[in-house]
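See below for target.pdb, which holds PDB, C-alpha atoms.
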```pdb
ATOM      1  CA  MET X 920       6.752  15.699 -26.068
ATOM      2  CA  ALA X 921       6.009  18.136 -23.251
ATOM      3  CA  PHE X 922       2.683  18.029 -21.480
ATOM      4  CA  ASP X 923       1.029  19.375 -18.376
ATOM      5  CA  SER X 924       1.822  17.117 -15.386
ATOM      6  CA  ARG X 925      -1.468  18.036 -13.629
ATOM      7  CA  GLU X 926      -3.471  16.952 -16.682
ATOM      8  CA  PHE X 927      -1.391  13.770 -16.889
ATOM      9  CA  ARG X 928      -2.255  13.041 -13.256
ATOM     10  CA  ASN X 929      -5.942  13.735 -13.967
ATOM     11  CA  ALA X 930      -5.844  11.315 -16.901
ATOM     12  CA  LEU X 931      -4.254   8.628 -14.717
ATOM     13  CA  GLY X 932      -7.049   9.181 -12.179
ATOM     14  CA  ASN X 933      -9.485   7.684 -14.690
ATOM     15  CA  PHE X 934      -8.121   4.249 -13.814
ATOM     16  CA  ALA X 935     -10.102   3.052 -10.788
ATOM     17  CA  THR X 936      -7.913   1.303  -8.228
ATOM     18  CA  GLY X 937      -8.204  -0.427  -4.919
ATOM     19  CA  VAL X 938      -6.758   1.215  -1.825
ATOM     20  CA  THR X 939      -4.005  -0.297   0.307
ATOM     21  CA  ILE X 940      -2.036   0.477   3.416
ATOM     22  CA  VAL X 941       1.592  -0.543   2.908
ATOM     23  CA  THR X 942       3.319  -1.323   6.208
ATOM     24  CA  ALA X 943       6.790  -2.242   7.441
ATOM     25  CA  ARG X 944       8.992  -1.900  10.528
ATOM     26  CA  SER X 945      11.864   0.543  10.775
ATOM     27  CA  ARG X 946      15.282  -0.670  11.914
ATOM     28  CA  SER X 947      14.416   0.601  15.398
ATOM     29  CA  GLY X 948      11.169  -1.417  15.402
ATOM     30  CA  GLU X 949       8.744   1.441  14.786
ATOM     31  CA  PRO X 950       5.706   0.534  12.682
ATOM     32  CA  LEU X 951       5.577   2.339   9.321
ATOM     33  CA  GLY X 952       2.528   2.791   7.142
ATOM     34  CA  LEU X 953       1.166   4.761   4.238
ATOM     35  CA  THR X 954      -1.859   4.737   1.954
ATOM     36  CA  ALA X 955      -1.087   3.648  -1.597
ATOM     37  CA  ASN X 956      -3.065   2.752  -4.684
ATOM     38  CA  SER X 957       0.073   1.841  -6.648
ATOM     39  CA  PHE X 958      -0.229  -1.892  -5.996
ATOM     40  CA  ASN X 959       0.021  -4.638  -8.637
ATOM     41  CA  SER X 960       0.521  -8.323  -8.987
ATOM     42  CA  VAL X 961       3.724  -9.194 -10.857
ATOM     43  CA  SER X 962       4.134 -12.974 -10.946
ATOM     44  CA  LEU X 963       2.419 -16.147  -9.757
ATOM     45  CA  ASP X 964       5.606 -18.237  -9.826
ATOM     46  CA  PRO X 965       7.392 -16.991  -7.862
ATOM     47  CA  PRO X 966       4.603 -15.056  -6.099
ATOM     48  CA  LEU X 967       5.552 -11.381  -6.544
ATOM     49  CA  VAL X 968       3.674  -8.107  -5.992
ATOM     50  CA  LEU X 969       4.765  -4.467  -6.175
ATOM     51  CA  PHE X 970       4.035  -0.987  -4.918
ATOM     52  CA  SER X 971       5.719   2.305  -5.699
ATOM     53  CA  LEU X 972       6.780   5.012  -3.271
ATOM     54  CA  ASN X 973       7.573   8.640  -4.032
ATOM     55  CA  ARG X 974      11.251   9.505  -3.646
ATOM     56  CA  GLN X 975      10.175  12.489  -1.511
ATOM     57  CA  ALA X 976       8.275  10.309   0.998
ATOM     58  CA  TYR X 977       9.458  10.813   4.567
ATOM     59  CA  SER X 978       9.508   7.032   5.154
ATOM     60  CA  LEU X 979      11.326   6.073   1.933
ATOM     61  CA  ARG X 980      14.674   5.295   3.575
ATOM     62  CA  SER X 981      12.957   3.222   6.281
ATOM     63  CA  PHE X 982      11.091   1.151   3.668
ATOM     64  CA  GLU X 983      14.348   0.617   1.776
ATOM     65  CA  GLU X 984      16.126  -0.545   4.935
ATOM     66  CA  ALA X 985      13.272  -2.713   6.264
ATOM     67  CA  GLY X 986      13.808  -5.616   3.873
ATOM     68  CA  ASN X 987      10.132  -6.487   3.985
ATOM     69  CA  PHE X 988       6.653  -5.017   3.821
ATOM     70  CA  ALA X 989       2.984  -5.932   3.909
ATOM     71  CA  ILE X 990       0.206  -4.853   1.579
ATOM     72  CA  ASN X 991      -3.139  -4.482   3.375
ATOM     73  CA  VAL X 992      -5.951  -4.200   0.788
ATOM     74  CA  LEU X 993      -8.772  -2.181   2.336
ATOM     75  CA  ARG X 994     -12.426  -3.142   2.392
ATOM     76  CA  ASP X 995     -15.229  -0.731   1.584
ATOM     77  CA  ASP X 996     -15.800   0.289   5.227
ATOM     78  CA  GLN X 997     -12.147   1.258   5.874
ATOM     79  CA  GLN X 998     -12.019   4.714   4.277
ATOM     80  CA  ASP X 999     -11.228   6.266   7.664
ATOM     81  CA  ILE X1000      -8.007   4.263   8.063
ATOM     82  CA  SER X1001      -7.014   5.141   4.490
ATOM     83  CA  GLN X1002      -7.376   8.834   5.282
ATOM     84  CA  VAL X1003      -5.305   8.554   8.477
ATOM     85  CA  PHE X1004      -2.434   6.781   6.689
ATOM     86  CA  ALA X1005      -2.564   9.227   3.753
ATOM     87  CA  GLN X1006      -1.450  12.010   6.108
ATOM     88  CA  ALA X1007       1.985  12.713   7.516
ATOM     89  CA  VAL X1008       0.771  12.589  11.111
ATOM     90  CA  THR X1009       3.002  11.622  13.988
ATOM     91  CA  ASP X1010       0.943   8.781  15.492
ATOM     92  CA  LYS X1011      -1.040   6.896  12.866
ATOM     93  CA  TRP X1012      -1.009   3.793  15.064
ATOM     94  CA  GLN X1013      -2.729   5.095  18.204
ATOM     95  CA  GLY X1014      -5.586   2.771  19.144
ATOM     96  CA  LEU X1015      -5.115   0.641  16.022
ATOM     97  CA  ALA X1016      -4.987  -3.129  16.445
ATOM     98  CA  PHE X1017      -2.622  -5.107  14.238
ATOM     99  CA  GLU X1018      -0.681  -8.345  14.291
ATOM    100  CA  THR X1019       2.596  -9.468  12.757
ATOM    101  CA  TRP X1020       3.504 -12.488  10.655
ATOM    102  CA  GLU X1021       6.765 -13.759   9.150
ATOM    103  CA  SER X1022       8.103 -10.386   7.989
ATOM    104  CA  GLY X1023       7.286  -8.476  11.178
ATOM    105  CA  ALA X1024       5.362  -5.823   9.215
ATOM    106  CA  PRO X1025       2.051  -4.711  10.750
ATOM    107  CA  ILE X1026      -0.901  -6.751   9.446
ATOM    108  CA  PHE X1027      -4.503  -5.544   9.534
ATOM    109  CA  SER X1028      -6.285  -8.877   9.912
ATOM    110  CA  HIS X1029      -9.652  -7.287   9.079
ATOM    111  CA  ALA X1030      -8.464  -6.052   5.673
ATOM    112  CA  LEU X1031      -9.995  -7.472   2.495
ATOM    113  CA  ALA X1032      -6.658  -9.118   1.639
ATOM    114  CA  VAL X1033      -3.142  -9.042   3.072
ATOM    115  CA  PHE X1034       0.169  -9.932   1.429
ATOM    116  CA  ASP X1035       3.159 -10.310   3.757
ATOM    117  CA  CYS X1036       6.332  -9.882   1.701
ATOM    118  CA  ALA X1037      10.111 -10.004   1.738
ATOM    119  CA  THR X1038      11.597  -7.286  -0.462
ATOM    120  CA  HIS X1039      12.710  -9.034  -3.657
ATOM    121  CA  ALA X1040      13.974  -5.983  -5.605
ATOM    122  CA  VAL X1041      13.808  -2.186  -5.692
ATOM    123  CA  HIS X1042      13.807  -0.468  -9.093
ATOM    124  CA  ASP X1043      14.118   3.078 -10.384
ATOM    125  CA  GLY X1044      10.709   4.426 -11.346
ATOM    126  CA  GLY X1045      11.435   8.072 -12.152
ATOM    127  CA  ASP X1046      10.207  10.156  -9.216
ATOM    128  CA  HIS X1047       9.244   6.899  -7.431
ATOM    129  CA  LEU X1048      10.983   3.700  -6.351
ATOM    130  CA  ILE X1049       9.265   0.433  -7.265
ATOM    131  CA  PHE X1050       9.349  -2.156  -4.477
ATOM    132  CA  VAL X1051       8.847  -5.760  -5.611
ATOM    133  CA  GLY X1052       8.019  -8.212  -2.850
ATOM    134  CA  ARG X1053       8.050 -12.001  -2.690
ATOM    135  CA  VAL X1054       4.843 -13.050  -0.956
ATOM    136  CA  LEU X1055       5.539 -15.115   2.159
ATOM    137  CA  ARG X1056       1.936 -15.470   3.330
ATOM    138  CA  PHE X1057      -1.469 -14.074   2.424
ATOM    139  CA  ILE X1058      -5.122 -14.075   3.470
ATOM    140  CA  HIS X1059      -8.245 -12.795   1.739
ATOM    141  CA  ASP X1060     -11.992 -12.517   2.239
ATOM    142  CA  PRO X1061     -13.729 -13.813  -0.914
ATOM    143  CA  ALA X1062     -17.065 -12.313   0.191
ATOM    144  CA  GLY X1063     -15.819  -8.810   1.070
ATOM    145  CA  GLN X1064     -16.014  -5.676  -1.067
ATOM    146  CA  PRO X1065     -13.093  -3.331  -1.894
ATOM    147  CA  LEU X1066     -12.583   0.334  -1.147
ATOM    148  CA  LEU X1067     -12.031   2.038  -4.501
ATOM    149  CA  TYR X1068     -10.331   5.262  -5.588
ATOM    150  CA  PHE X1069     -11.386   7.039  -8.798
ATOM    151  CA  ARG X1070     -10.725  10.613  -9.973
ATOM    152  CA  GLY X1071      -9.558  11.692  -6.535
ATOM    153  CA  ASN X1072     -12.547  10.268  -4.656
ATOM    154  CA  TYR X1073     -13.339   7.118  -2.729
ATOM    155  CA  GLY X1074     -15.995   4.753  -4.019
ATOM    156  CA  LYS X1075     -17.539   1.336  -3.586
ATOM    157  CA  VAL X1076     -18.562  -1.491  -5.876
ATOM    158  CA  HIS X1077     -22.308  -1.520  -6.507
ATOM    159  CA  PRO X1078     -23.543  -4.959  -7.515
TER     160      PRO X1078
END
```
Final structure tokens representation of the file:
Amino acid sequence: MAFDSREFRNALGNFATGVTIVTARSRSGEPLGLTANSFNSVSLDPPLVLFSLNRQAYSLRSFEEAGNFAINVLRDDQQDISQVFAQAVTDKWQGLAFETWESGAPIFSHALAVFDCATHAVHDGGDHLIFVGRVLRFIHDPAGQPLLYFRGNYGKVHP
């Protein structure tokens, strides 16, 4: 069945998601990062999560070679950082504070939740690669609110 890929994308946009910054370190030690809403839990035992990355992404090879990554789930006041990491700019990291944990991937300690991961598997996902990570360490803020993405726009939870 053939269908319009733009309309398919619009239909997928009806699923509200959280917003994450996926980070890693290149082989040369450079911090990598990109905005992604393709994040999911996979398994509790062992603890596995996933994200997918477009095969055309400039940083794809570096994420494949890194062997680890971190998922930084953004809180509702972090739209600005999401927009910076959604662009292919040269210095996304200027003036940005982060720390590192077991994997060495950049961690935003003020994020709503963080999952530091070792790459467990990489799978074919059509025009994307699916990265499955084994969670090494995590933190979360049970009182915080998420940054949401719905139909191409940012949003917030309204109690």
field: Matched chain/residue IDs from the PyMOL selection byres ((chain X and resi 1075) around 7), as a PyMOL selection string
entry: chain X and resi 995+1065-1067+1074+1076-1077
message: Using only C-alpha atoms, which protein or nucleic acid residues come within 12 Å of Ser981 (chain X)? Drop anything in the same chain fewer than 2 positions from it, and give the result as a list in words.
response: Thr942, Ala943, Arg944, Ser945, Arg946, Ser947, Gly948, Glu949, Pro950, Leu951, Gly952, Leu972, Arg974, Ala976, Tyr977, Ser978, Leu979, Glu983, Glu984, Ala985, Gly986, Asn987 and Phe988 of chain X
task: Do a neighbour search on Ile1026 (chain X) at 6 Å with all atoms listed in the file, toss out local chain neighbours closer than 6 positions, and write the hits as a ChimeraX atom specification.
output: /X:1017-1019
- request: Any chance you could resolve the PyMOL selection byres ((chain X and resi 941) around 10) against this file and give the residues as a PyMOL selection string?
  value: chain X and resi 938-940+942-943+951-958+970-972+982+988-992+1004+1024-1026+1033-1035
- request: Given the file shown, determine the residues that the PyMOL selection byres ((chain X and resi 1037) around 7) selects; report them as an MDAnalysis selection string.
  value: chainID X and resid 986:988 1022 1036 1038:1039 1052:1055
May I have the residues from that selection written out with C-alpha atoms, as a compact mmCIF listing (two decimals), in the frame of the given file?
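Done, and the output landed in out-v2.txt:
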```txt
# COMPACT_ATOMS: atom_id res chain seq x y z
CA GLY X 986 13.81 -5.62 3.87
CA ASN X 987 10.13 -6.49 3.98
CA PHE X 988 6.65 -5.02 3.82
CA SER X 1022 8.10 -10.39 7.99
CA CYS X 1036 6.33 -9.88 1.70
CA THR X 1038 11.60 -7.29 -0.46
CA HIS X 1039 12.71 -9.03 -3.66
CA GLY X 1052 8.02 -8.21 -2.85
CA ARG X 1053 8.05 -12.00 -2.69
CA VAL X 1054 4.84 -13.05 -0.96
CA LEU X 1055 5.54 -15.12 2.16
```
field: Nearest candidate to Gln1013 (chain X) (options X:Thr936, X:Ile1000, X:Pro1061, X:His1047; using all atoms listed in the file)
entry: X:Ile1000
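Nearest residue to Gly1071 (chain X) among X:Val968, X:Ala1032, X:Leu931, X:Leu963 is X:Leu931, counting all atoms listed in the file.
As for CA of Leu993 (chain X) and CA of Leu1031 (chain X), they are spaced 5.4 Å apart.
Note that the spacing between CA of His1059 (chain X) and CA of Ala1030 (chain X) amounts to 7.8 Å.
Take CA of Ser962 (chain X) and CA of Arg980 (chain X): the distance between them is 25.6 Å.
Closest approach to Leu1015 (chain X) from the set X:Asp999, X:Asp1046, X:Asp1060, X:Asp923 is made by X:Asp999, with distances taken over all atoms listed in the file.
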Your completed region 1009-1021 of chain X with N, CA and C atoms, as a tab-separated table (two decimals), in the coordinates of the input:
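Here's the written file rebuild_24.tsv:
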```tsv
chain	number	residue	atom	x	y	z
X	1009	THR	N	1.98	12.25	13.17
X	1009	THR	CA	3.00	11.62	13.99
X	1009	THR	C	2.59	10.25	14.52
X	1010	ASP	N	1.34	10.07	14.92
X	1010	ASP	CA	0.94	8.78	15.49
X	1010	ASP	C	-0.26	8.20	14.76
X	1011	LYS	N	0.01	7.55	13.65
X	1011	LYS	CA	-1.04	6.90	12.87
X	1011	LYS	C	-1.54	5.63	13.56
X	1012	TRP	N	-0.77	5.12	14.49
X	1012	TRP	CA	-1.01	3.79	15.06
X	1012	TRP	C	-1.80	3.82	16.36
X	1013	GLN	N	-2.05	5.00	16.91
X	1013	GLN	CA	-2.73	5.10	18.20
X	1013	GLN	C	-4.10	4.42	18.15
X	1014	GLY	N	-4.30	3.46	19.03
X	1014	GLY	CA	-5.59	2.77	19.14
X	1014	GLY	C	-5.89	1.79	18.02
X	1015	LEU	N	-4.91	1.52	17.17
X	1015	LEU	CA	-5.12	0.64	16.02
X	1015	LEU	C	-4.56	-0.75	16.31
X	1016	ALA	N	-5.42	-1.75	16.20
X	1016	ALA	CA	-4.99	-3.13	16.44
X	1016	ALA	C	-4.37	-3.71	15.18
X	1017	PHE	N	-3.25	-4.40	15.36
X	1017	PHE	CA	-2.62	-5.11	14.24
X	1017	PHE	C	-1.87	-6.30	14.79
X	1018	GLU	N	-1.49	-7.19	13.92
X	1018	GLU	CA	-0.68	-8.35	14.29
X	1018	GLU	C	0.54	-8.38	13.39
X	1019	THR	N	1.44	-9.30	13.63
X	1019	THR	CA	2.60	-9.47	12.76
X	1019	THR	C	2.71	-10.93	12.36
X	1020	TRP	N	3.28	-11.14	11.17
X	1020	TRP	CA	3.50	-12.49	10.66
X	1020	TRP	C	5.01	-12.67	10.44
X	1021	GLU	N	5.37	-13.43	9.41
X	1021	GLU	CA	6.76	-13.76	9.15
X	1021	GLU	C	7.67	-12.54	9.01
```
